[in-house]
Every structure is written in structure tokens, then in C-alpha cells.
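Data file: coords_32.cif. Format and content: mmCIF, C-alpha atoms.
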data_run
#
loop_
_atom_site.label_atom_id
_atom_site.label_comp_id
_atom_site.auth_asym_id
_atom_site.auth_seq_id
_atom_site.Cartn_x
_atom_site.Cartn_y
_atom_site.Cartn_z
CA MET A 1 -5.96 -15.52 17.73
CA VAL A 2 -8.10 -12.57 16.73
CA ASP A 3 -9.93 -10.87 19.58
CA LYS A 4 -13.30 -9.76 18.27
CA ALA A 5 -13.61 -7.37 21.21
CA ALA A 6 -11.14 -5.13 19.34
CA LEU A 7 -13.91 -4.11 16.94
CA GLY A 8 -14.61 -0.41 17.38
CA ALA A 9 -11.34 0.34 19.15
CA VAL A 10 -10.17 3.87 18.34
CA GLY A 11 -6.58 5.07 18.46
CA VAL A 12 -5.28 8.30 19.93
CA PRO A 13 -4.98 10.96 17.18
CA PHE A 14 -1.49 11.66 15.88
CA THR A 15 0.15 14.18 13.55
CA LEU A 16 1.85 13.44 10.22
CA ASP A 17 3.84 16.22 8.56
CA VAL A 18 4.16 15.55 4.84
CA GLU A 19 7.85 16.28 4.22
CA ARG A 20 9.54 16.87 0.88
CA GLY A 21 12.61 14.78 1.68
CA LYS A 22 10.43 11.87 2.75
CA ILE A 23 8.51 12.11 -0.51
CA HIS A 24 11.80 11.94 -2.46
CA GLU A 25 12.94 8.97 -0.40
CA LEU A 26 9.73 6.96 -0.74
CA ALA A 27 9.33 7.78 -4.44
CA ARG A 28 12.91 6.69 -5.15
CA ALA A 29 12.36 3.49 -3.20
CA VAL A 30 9.43 2.56 -5.46
CA HIS A 31 11.54 3.25 -8.57
CA SER A 32 9.73 6.42 -9.54
CA THR A 33 11.45 9.13 -11.56
CA ASP A 34 8.27 11.19 -11.92
CA PRO A 35 9.14 14.91 -11.59
CA ALA A 36 5.83 15.34 -9.74
CA HIS A 37 7.54 13.79 -6.71
CA PHE A 38 10.98 15.39 -7.10
CA THR A 39 10.57 19.00 -8.21
CA GLY A 40 9.34 22.16 -6.53
CA ASP A 41 8.85 22.99 -2.88
CA HIS A 42 5.58 21.09 -2.54
CA PRO A 43 5.77 17.85 -4.55
CA VAL A 44 2.76 15.56 -4.46
CA THR A 45 3.00 12.29 -2.52
CA PRO A 46 3.12 8.89 -4.22
CA PRO A 47 -0.15 6.93 -3.78
CA THR A 48 1.22 4.65 -1.04
CA PHE A 49 3.11 7.42 0.81
CA LEU A 50 0.78 7.41 3.80
CA THR A 51 2.27 4.07 4.81
CA THR A 52 4.95 6.28 6.39
CA MET A 53 2.40 7.06 9.11
CA PHE A 54 4.24 4.36 11.08
CA PHE A 55 7.03 6.84 11.82
CA TRP A 56 4.52 9.25 13.35
CA GLU A 57 2.25 6.93 15.26
CA GLU A 58 5.31 5.49 17.01
CA LEU A 59 5.63 8.85 18.72
CA VAL A 60 2.13 8.73 20.23
CA ALA A 61 1.23 6.01 22.71
CA GLY A 62 -2.10 4.35 21.95
CA SER A 63 -2.32 5.66 18.40
CA ASN A 64 -2.29 2.25 16.68
CA PRO A 65 -5.18 0.01 17.79
CA TRP A 66 -4.06 -2.86 15.50
CA ALA A 67 -2.27 -4.66 18.33
CA LEU A 68 -5.65 -5.06 20.07
CA VAL A 69 -6.74 -7.35 17.21
CA GLN A 70 -4.10 -9.82 18.44
CA MET A 71 -3.67 -11.43 15.05
CA ASP A 72 -1.44 -14.51 15.31
CA GLN A 73 1.93 -13.62 13.79
CA LYS A 74 2.44 -17.08 12.26
CA ARG A 75 -1.02 -17.36 10.74
CA GLY A 76 -1.58 -13.74 9.91
CA MET A 77 -0.78 -11.73 6.80
CA HIS A 78 -1.38 -8.40 5.17
CA ALA A 79 -4.10 -9.27 2.67
CA GLU A 80 -5.11 -5.93 1.17
CA GLN A 81 -4.25 -2.26 1.39
CA GLU A 82 -6.30 0.61 0.06
CA TYR A 83 -5.90 4.40 -0.04
CA VAL A 84 -8.76 6.73 -0.92
CA PHE A 85 -8.12 10.40 -1.69
CA HIS A 86 -10.90 12.99 -1.45
CA GLY A 87 -9.19 15.28 -3.94
CA PRO A 88 -5.53 15.32 -4.98
CA PRO A 89 -3.19 13.38 -2.68
CA PRO A 90 -1.49 15.53 -0.04
CA ARG A 91 1.58 17.60 -0.92
CA ALA A 92 4.74 18.43 1.00
CA GLY A 93 4.09 21.04 3.64
CA THR A 94 0.72 19.64 4.68
CA ARG A 95 0.17 18.75 8.32
CA LEU A 96 -2.30 15.91 8.67
CA THR A 97 -4.13 14.82 11.79
CA CYS A 98 -4.62 11.08 11.69
CA GLN A 99 -6.77 8.65 13.62
CA SER A 100 -7.10 4.88 13.28
CA ARG A 101 -9.93 2.59 14.25
CA ILE A 102 -10.73 -1.10 13.98
CA ALA A 103 -13.60 -0.85 11.54
CA GLU A 104 -14.42 -4.47 10.73
CA ILE A 105 -13.79 -7.99 11.98
CA TYR A 106 -15.45 -10.81 10.05
CA GLU A 107 -15.03 -14.46 9.12
CA LYS A 108 -15.13 -16.36 5.84
CA GLU A 109 -14.78 -20.02 5.03
CA GLY A 110 -11.44 -20.63 3.29
CA ARG A 111 -11.33 -22.38 -0.08
CA ARG A 112 -9.00 -25.00 1.39
CA GLY A 113 -11.08 -25.46 4.52
CA GLY A 114 -10.83 -23.70 7.82
CA THR A 115 -12.12 -20.33 8.82
CA LEU A 116 -10.38 -17.12 7.76
CA VAL A 117 -10.69 -14.18 10.12
CA PHE A 118 -10.36 -10.73 8.58
CA ALA A 119 -9.74 -7.47 10.41
CA VAL A 120 -9.82 -4.02 8.88
CA MET A 121 -8.17 -0.91 10.30
CA VAL A 122 -9.21 2.43 8.81
CA THR A 123 -7.07 5.53 9.29
CA GLU A 124 -8.47 8.98 8.51
CA PHE A 125 -6.19 11.85 7.50
CA ARG A 126 -7.48 15.41 7.94
CA ASP A 127 -5.89 18.75 7.09
CA ALA A 128 -5.73 21.84 9.32
CA SER A 129 -9.27 22.83 8.37
CA GLY A 130 -10.60 19.41 9.38
CA ARG A 131 -11.26 18.35 5.79
CA LEU A 132 -10.96 14.60 5.21
CA VAL A 133 -8.01 14.36 2.79
CA ALA A 134 -7.44 10.61 2.66
CA GLU A 135 -8.33 7.29 4.20
CA ALA A 136 -6.17 4.20 4.53
CA ARG A 137 -7.76 0.80 4.81
CA LEU A 138 -5.56 -2.06 5.99
CA THR A 139 -6.98 -5.60 5.79
CA GLY A 140 -5.26 -8.40 7.66
CA VAL A 141 -6.28 -12.03 7.55
CA GLU A 142 -5.60 -14.83 9.98
CA THR A 143 -5.69 -18.26 8.40
CA ALA A 144 -6.57 -21.51 10.12
CA HIS A 145 -3.08 -22.87 9.42
CA SER A 146 0.42 -21.44 9.34
CA SER A 147 0.80 -19.02 6.47
CA ARG A 148 4.46 -19.79 5.76
CA GLY A 149 5.32 -18.60 2.28
CA THR A 150 2.89 -15.72 2.38
CA PRO A 151 3.48 -12.16 3.51
CA PRO A 152 3.64 -11.61 7.26
CA ALA A 153 1.02 -9.82 9.25
CA PRO A 154 0.85 -6.07 9.10
CA ARG A 155 3.51 -4.52 11.21
CA THR A 156 2.46 -2.92 14.46
CA THR A 157 4.26 -0.47 16.65
CA GLU A 158 4.87 -3.29 19.08
CA GLU A 159 7.05 -5.14 16.59
CA GLY A 160 9.31 -2.15 16.20
CA MET B 161 0.56 12.93 -17.44
CA SER B 162 -0.41 13.41 -21.01
CA ALA B 163 -3.18 10.83 -21.21
CA ARG B 164 -6.24 12.24 -22.92
CA TRP B 165 -9.80 11.26 -22.06
CA GLU B 166 -10.48 10.46 -25.73
CA ASP B 167 -7.69 7.89 -25.73
CA LEU B 168 -8.74 6.04 -22.57
CA ASP B 169 -11.19 3.56 -24.04
CA GLU B 170 -12.07 0.61 -21.89
CA GLY B 171 -9.41 -2.02 -22.48
CA THR B 172 -6.65 0.52 -23.19
CA THR B 173 -3.37 -0.82 -21.89
CA GLY B 174 -1.43 2.43 -21.57
CA PRO B 175 2.34 2.78 -21.68
CA ALA B 176 4.89 -0.01 -21.64
CA PRO B 177 4.87 -2.08 -18.45
CA LEU B 178 7.28 -1.14 -15.66
CA VAL B 179 9.79 -3.98 -15.37
CA VAL B 180 11.87 -4.01 -12.18
CA GLY B 181 14.53 -6.51 -11.29
CA PRO B 182 16.19 -8.79 -10.65
CA LEU B 183 15.17 -7.52 -7.22
CA THR B 184 17.93 -7.19 -4.67
CA ARG B 185 18.00 -7.13 -0.91
CA THR B 186 19.05 -3.52 -1.33
CA ASP B 187 15.70 -2.79 -3.01
CA PHE B 188 13.95 -4.17 0.07
CA VAL B 189 16.19 -2.33 2.54
CA ARG B 190 15.83 0.97 0.73
CA TYR B 191 12.05 0.59 0.76
CA GLN B 192 11.98 -0.43 4.39
CA GLY B 193 14.05 2.54 5.46
CA ALA B 194 11.81 4.86 3.47
CA SER B 195 8.53 3.40 4.70
CA GLY B 196 9.39 2.73 8.33
CA ASP B 197 8.53 -0.98 8.18
CA MET B 198 11.73 -2.50 9.60
CA ASN B 199 10.44 -6.08 9.95
CA PRO B 200 13.70 -8.11 9.83
CA VAL B 201 12.08 -10.92 7.82
CA HIS B 202 12.58 -8.69 4.76
CA HIS B 203 16.34 -8.08 5.12
CA ASP B 204 17.91 -10.26 7.82
CA GLU B 205 18.91 -13.58 6.25
CA THR B 206 19.42 -15.25 9.62
CA PHE B 207 16.03 -14.11 10.86
CA ALA B 208 14.30 -15.20 7.64
CA HIS B 209 15.88 -18.67 7.79
CA ALA B 210 14.85 -19.07 11.43
CA ALA B 211 11.29 -18.21 10.40
CA GLY B 212 11.42 -21.01 7.81
CA TYR B 213 11.99 -19.00 4.65
CA PRO B 214 14.75 -19.69 2.11
CA ALA B 215 15.57 -15.98 1.78
CA PRO B 216 14.29 -12.59 2.93
CA LEU B 217 10.71 -12.08 1.84
CA GLY B 218 9.89 -9.32 -0.58
CA VAL B 219 8.13 -6.37 1.04
CA GLY B 220 4.48 -6.40 0.05
CA MET B 221 4.13 -2.63 0.08
CA PHE B 222 7.29 -2.25 -2.01
CA ALA B 223 5.76 -4.20 -4.88
CA ALA B 224 2.49 -2.34 -4.35
CA GLY B 225 4.47 0.88 -4.66
CA LEU B 226 5.99 -0.25 -7.97
CA LEU B 227 2.53 -1.00 -9.34
CA ASN B 228 1.40 2.49 -8.37
CA THR B 229 4.53 4.01 -9.87
CA TRP B 230 3.49 2.54 -13.20
CA ALA B 231 -0.11 3.80 -12.87
CA THR B 232 0.78 7.35 -11.82
CA GLY B 233 3.45 7.54 -14.52
CA TRP B 234 0.61 7.10 -16.98
CA LEU B 235 -2.26 9.12 -15.50
CA GLY B 236 -0.56 11.56 -13.14
CA ALA B 237 0.30 11.36 -9.45
CA GLU B 238 -2.00 14.25 -8.52
CA ASN B 239 -4.95 12.60 -10.29
CA VAL B 240 -5.17 9.39 -8.28
CA ARG B 241 -8.26 9.15 -6.09
CA ARG B 242 -8.15 5.54 -4.99
CA THR B 243 -5.74 2.64 -5.11
CA LYS B 244 -6.15 -0.83 -3.70
CA VAL B 245 -3.91 -3.87 -3.80
CA ARG B 246 -4.42 -7.52 -2.90
CA TRP B 247 -1.38 -9.72 -2.40
CA ARG B 248 -1.36 -13.11 -4.04
CA GLU B 249 2.13 -14.65 -4.40
CA GLN B 250 5.26 -14.04 -2.38
CA VAL B 251 8.09 -12.09 -4.03
CA TRP B 252 11.76 -13.06 -3.53
CA PRO B 253 15.20 -11.59 -4.20
CA GLY B 254 16.10 -12.24 -7.84
CA ASP B 255 12.53 -11.90 -9.03
CA VAL B 256 11.74 -9.69 -12.00
CA LEU B 257 8.41 -7.91 -11.57
CA THR B 258 6.28 -6.57 -14.40
CA CYS B 259 3.67 -3.94 -13.55
CA SER B 260 0.89 -3.11 -15.97
CA GLY B 261 -2.81 -2.47 -16.21
CA THR B 262 -5.82 -1.67 -18.35
CA VAL B 263 -8.72 0.75 -18.29
CA ALA B 264 -11.65 -1.14 -16.82
CA ARG B 265 -14.18 1.68 -16.96
CA ARG B 266 -14.41 5.28 -18.19
CA TYR B 267 -17.17 7.44 -16.75
CA LEU B 268 -18.34 10.81 -15.47
CA GLU B 269 -18.80 11.33 -11.77
CA GLY B 270 -20.72 14.56 -11.61
CA LEU B 271 -18.75 16.74 -14.00
CA GLU B 272 -15.49 14.94 -13.32
CA ARG B 273 -14.00 12.57 -15.87
CA ARG B 274 -12.74 9.40 -14.28
CA VAL B 275 -11.23 6.05 -15.21
CA ASP B 276 -10.95 2.87 -13.19
CA LEU B 277 -7.90 0.69 -13.83
CA ASP B 278 -7.29 -2.99 -13.28
CA LEU B 279 -3.66 -3.46 -12.26
CA VAL B 280 -1.45 -6.51 -12.09
CA CYS B 281 2.10 -7.20 -10.92
CA THR B 282 3.47 -10.48 -12.24
CA ARG B 283 6.64 -12.43 -11.45
CA GLN B 284 9.05 -13.70 -14.10
CA ASP B 285 7.31 -17.10 -14.20
CA GLY B 286 3.93 -15.48 -14.87
CA GLY B 287 2.70 -15.91 -11.31
CA VAL B 288 0.61 -13.02 -10.04
CA ALA B 289 2.19 -11.24 -7.09
CA ILE B 290 -0.44 -8.53 -6.77
CA VAL B 291 -3.76 -7.58 -8.28
CA GLY B 292 -4.86 -3.99 -7.90
CA TRP B 293 -7.51 -1.44 -8.70
CA ALA B 294 -7.15 2.29 -9.04
CA THR B 295 -9.30 5.30 -9.87
CA PHE B 296 -7.95 8.45 -11.54
CA VAL B 297 -9.54 11.71 -12.56
CA VAL B 298 -8.69 12.82 -16.09
CA PRO B 299 -8.38 16.62 -16.20
CA PRO B 300 -9.41 18.43 -19.39
#

In C-alpha cells, how does this file's structure come out?
Amino acid sequence: MVDKAALGAVGVPFTLDVERGKIHELARAVHSTDPAHFTGDHPVTPPTFLTTMFFWEELVAGSNPWALVQMDQKRGMHAEQEYVFHGPPPRAGTRLTCQSRIAEIYEKEGRRGGTLVFAVMVTEFRDASGRLVAEARLTGVETAHSSRGTPPAPRTTEEG
Amino acid sequence: MSARWEDLDEGTTGPAPLVVGPLTRTDFVRYQGASGDMNPVHHDETFAHAAGYPAPLGVGMFAAGLLNTWATGWLGAENVRRTKVRWREQVWPGDVLTCSGTVARRYLEGLERRVDLDLVCTRQDGGVAIVGWATFVVPP
């Protein structure tokens, strides 16, 4: 059951080093052969690369406020995911400082009846100069009924 | 990364779709290891059955990654400025996914040439696994 008191919760900042090997690994996993990800010392990241922030936030207690939303695991699912880049996506060798917050919690009436509860977590990624490089926007939804057959809720550090 | 602004009329469909599959559990595991999402529902048959599923569930962000692989293969990985996906249908081992898209809008933002894409990832039966939207700059 979503706890609306989680709105506004802010995570502890954490560091993400954009690593060349990780870029190769993620790009290969999404069936890319684009030389942009595989050549040179500083290849560019694939558009969904920042999902690997999970590896880094696990190292910093309190960095992921999503658990505070308390979305029911049986009725919750990952509904949408968005990445915005304020310039080219980050390249290998970039150190990003990241911070997540619970930016929205709202309700909608479902088409098949019952109330849907949405929660949005925004993560900001800044470079060494403090420039905002990218933002991730994770939307989870909790349905009124079990969501069997649909994707599970966004993973949290607690699920390991 | 050779797309030219002049060729990106609204409705342009770009290169051939990216067809991936039949998907294997190994595809899911490789993605999970790369991304850090180790939820066992995507690779542990016993766990998936206990949760009421007939097989391990496809990883949502894996299919989203495939869709973006198609888009950046067309317009360039360093040119993407926004990408968004919405999941519709579950994906399963054995599925064949087809990723494609069209130019929805071509415009100038300041002096920068941009295009918005509508993206779609469909399953072998025509069901829509993901709809997506992306924005790219188009360098001169």
C-alpha cells in the first residue's frame, strides 16, 4: 500500500563512475553493435545505461528513497521509465553525483475500475562541475488488484 | 549515424526494424548481470512458478534497451536527448521482438535541429510490449 507521506523524500547523494567495461557489457546485453559504445577510451553510454545506478546506490545507505513509497509487490509494477539528457549522454571516465527524490504521488481511476496509485522517483546526475547531465524518471503504479502477468514493481535496494 | 535532416520528414520510418529472438533465458540473465537488477522472477524458474508465472518474465528494461538500440543505431547514440518507455504487454522466453519507430516531429529548438520519434516494440503475435518516445538532435 503506497504511503503518500513518502512524497518529497530525498535520498542521500551517491557517486556513479561511468566505466568503459560497464558500457560494453550493457550495450552488448541490449544487442547493440554500435562502435560508439565499443571503441575508444571514452565511449558514449547507451540511452538506458543509467539504470546501472543500482550498483552504486547499493553502496550508500539511504540513497534510494523508493522503499519509502511502500508499493505493494504483488500489485505494483514498473509502468514507465524516462531518461532526459541535457547535452550528449555521459561518456566513460565521467564521475557523476546522483541524488534521488520522490517527486510525485498521485491517483487515477483505472479503466477496469479501482484506483491506480502512481509514484514517480526522479534521480539527478551531475558532473564534477555541478552541471545537470541527466535525469531519470521512474514511474511505478500500484493497481487495485493483483497485477499477475504484468511486470513486477521497480526493484529496490531492499530486494537485493 | 548518417541520418540527414533533409531526409527526416515526419512519418519517416528509418532503417529496417531490429528483430531480436527467439528470446532466451540467457538474454535475460546477461541483461540482469549488466544492469544490476537481479530480481529472480526473471531467471529462476522455480521462483517464477511460485509467483504464479508459467516461465521467467522478460526484463522490462531489457526490451526497453533493445528499442533504444534500434533508435540510436539510426540517429546516433551521442545525439539522444530524451527517451521514455511505457510497458504494455509482458514478454516471455521464446518471444521474437520487433523494434521500430517513425519521426513524429521535426523542428528547431533554438538553433538546434531536433526530431521526436514514436517507438514501438511488438511481440511475434503483433501485441505491443512497449511504446516509447525519444528526442534526438540532428547535427549538421

- Task: Run the PyMOL selection byres ((chain A) within 7 of (chain B)) mentally over the shown coordinates, then write out the matched residues as a PyMOL selection string, using the chain letters and numbers from the document.
- Result: chain A and resi 25-26+29-32+34+36+44+46-48+51-52+54-55+79-89+149-151+155

Around all of range 243-251 of chain B's listed atoms, make the axis-aligned box with 8 Å on each side and tell me centre and edge lengths in Å to one decimal, as JSON.
{"center_x": 1.0, "center_y": -6.0, "center_z": -3.7, "size_x": 30.2, "size_y": 33.3, "size_z": 18.7}

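With CA of Trp165 in chain B on one side and CA of Cys281 in chain B on the other, the separation reads 24.6 Å.
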
Anything within 6 Å of (-4.6, -11.6, 17.7): list those residues as an mmCIF file with C-alpha atoms, in the coordinates of the input, counting all atoms listed in the file and sticking to the file's coordinates.
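Saved file part-v5.cif follows:
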data_model
loop_
_atom_site.group_PDB
_atom_site.id
_atom_site.type_symbol
_atom_site.label_atom_id
_atom_site.label_comp_id
_atom_site.auth_asym_id
_atom_site.auth_seq_id
_atom_site.Cartn_x
_atom_site.Cartn_y
_atom_site.Cartn_z
ATOM 1 C CA MET A 1 -5.960 -15.520 17.730
ATOM 2 C CA VAL A 2 -8.100 -12.570 16.730
ATOM 3 C CA ASP A 3 -9.930 -10.870 19.580
ATOM 4 C CA VAL A 69 -6.740 -7.350 17.210
ATOM 5 C CA GLN A 70 -4.100 -9.820 18.440
ATOM 6 C CA MET A 71 -3.670 -11.430 15.050
ATOM 7 C CA ASP A 72 -1.440 -14.510 15.310
#

- Where does the PyMOL selection byres ((chain A and resi 117-126) around 9) land in this file, that is, which residues does it pick, as a PyMOL selection string? chain A and resi 2+4+7+16+65-66+69+71+79+95-109+115-116+127-144

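Relative to CA of Val298 in chain B, CA of Leu235 in chain B is found at 7.4 Å.
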
- Message: To one decimal place in Å, what is the distance between CA of Gln73 in chain A and CA of Cys259 in chain B?
- Response: 29.1 Å

- Message: Evaluated on this file, the PyMOL selection byres ((chain B and resi 183) around 7) picks out some residues - which ones are they, written as a VMD selection string?
- Response: chain B and resid 180 to 182 184 to 185 187 253 to 256

Could you please take those selected residues and save C-alpha atoms as a short mmCIF file (atom, residue, chain, number, x, y, z; two decimals), in the frame of the given file?
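Listed below is the output, part-v5.cif:
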data_model
loop_
_atom_site.label_atom_id
_atom_site.label_comp_id
_atom_site.auth_asym_id
_atom_site.auth_seq_id
_atom_site.Cartn_x
_atom_site.Cartn_y
_atom_site.Cartn_z
CA VAL B 180 11.87 -4.01 -12.18
CA GLY B 181 14.53 -6.51 -11.29
CA PRO B 182 16.19 -8.79 -10.65
CA THR B 184 17.93 -7.19 -4.67
CA ARG B 185 18.00 -7.13 -0.91
CA ASP B 187 15.70 -2.79 -3.01
CA PRO B 253 15.20 -11.59 -4.20
CA GLY B 254 16.10 -12.24 -7.84
CA ASP B 255 12.53 -11.90 -9.03
CA VAL B 256 11.74 -9.69 -12.00
#

- Message: Calculated over all atoms listed in the file, which of the candidates A:Val60, A:Met77, A:Leu68, A:Leu50 has the smallest distance to Ala27 in chain A?
- Response: A:Leu50

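For Ala264 in chain B, the set of protein, DNA and RNA residues having any atom at most 6 Å away, when counting all atoms listed in the file and skipping those fewer than 4 positions along the same chain, is Glu170, Asp276, Leu277 and Asp278 of chain B.
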
Pull C-alpha atoms from the residues just selected and write them as an mmCIF file, in the coordinates of the input.
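Saved the output as result_0.cif:
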data_model
loop_
_atom_site.group_PDB
_atom_site.id
_atom_site.type_symbol
_atom_site.label_atom_id
_atom_site.label_comp_id
_atom_site.auth_asym_id
_atom_site.auth_seq_id
_atom_site.Cartn_x
_atom_site.Cartn_y
_atom_site.Cartn_z
ATOM 1 C CA GLU B 170 -12.070 0.610 -21.890
ATOM 2 C CA ASP B 276 -10.950 2.870 -13.190
ATOM 3 C CA LEU B 277 -7.900 0.690 -13.830
ATOM 4 C CA ASP B 278 -7.290 -2.990 -13.280
#
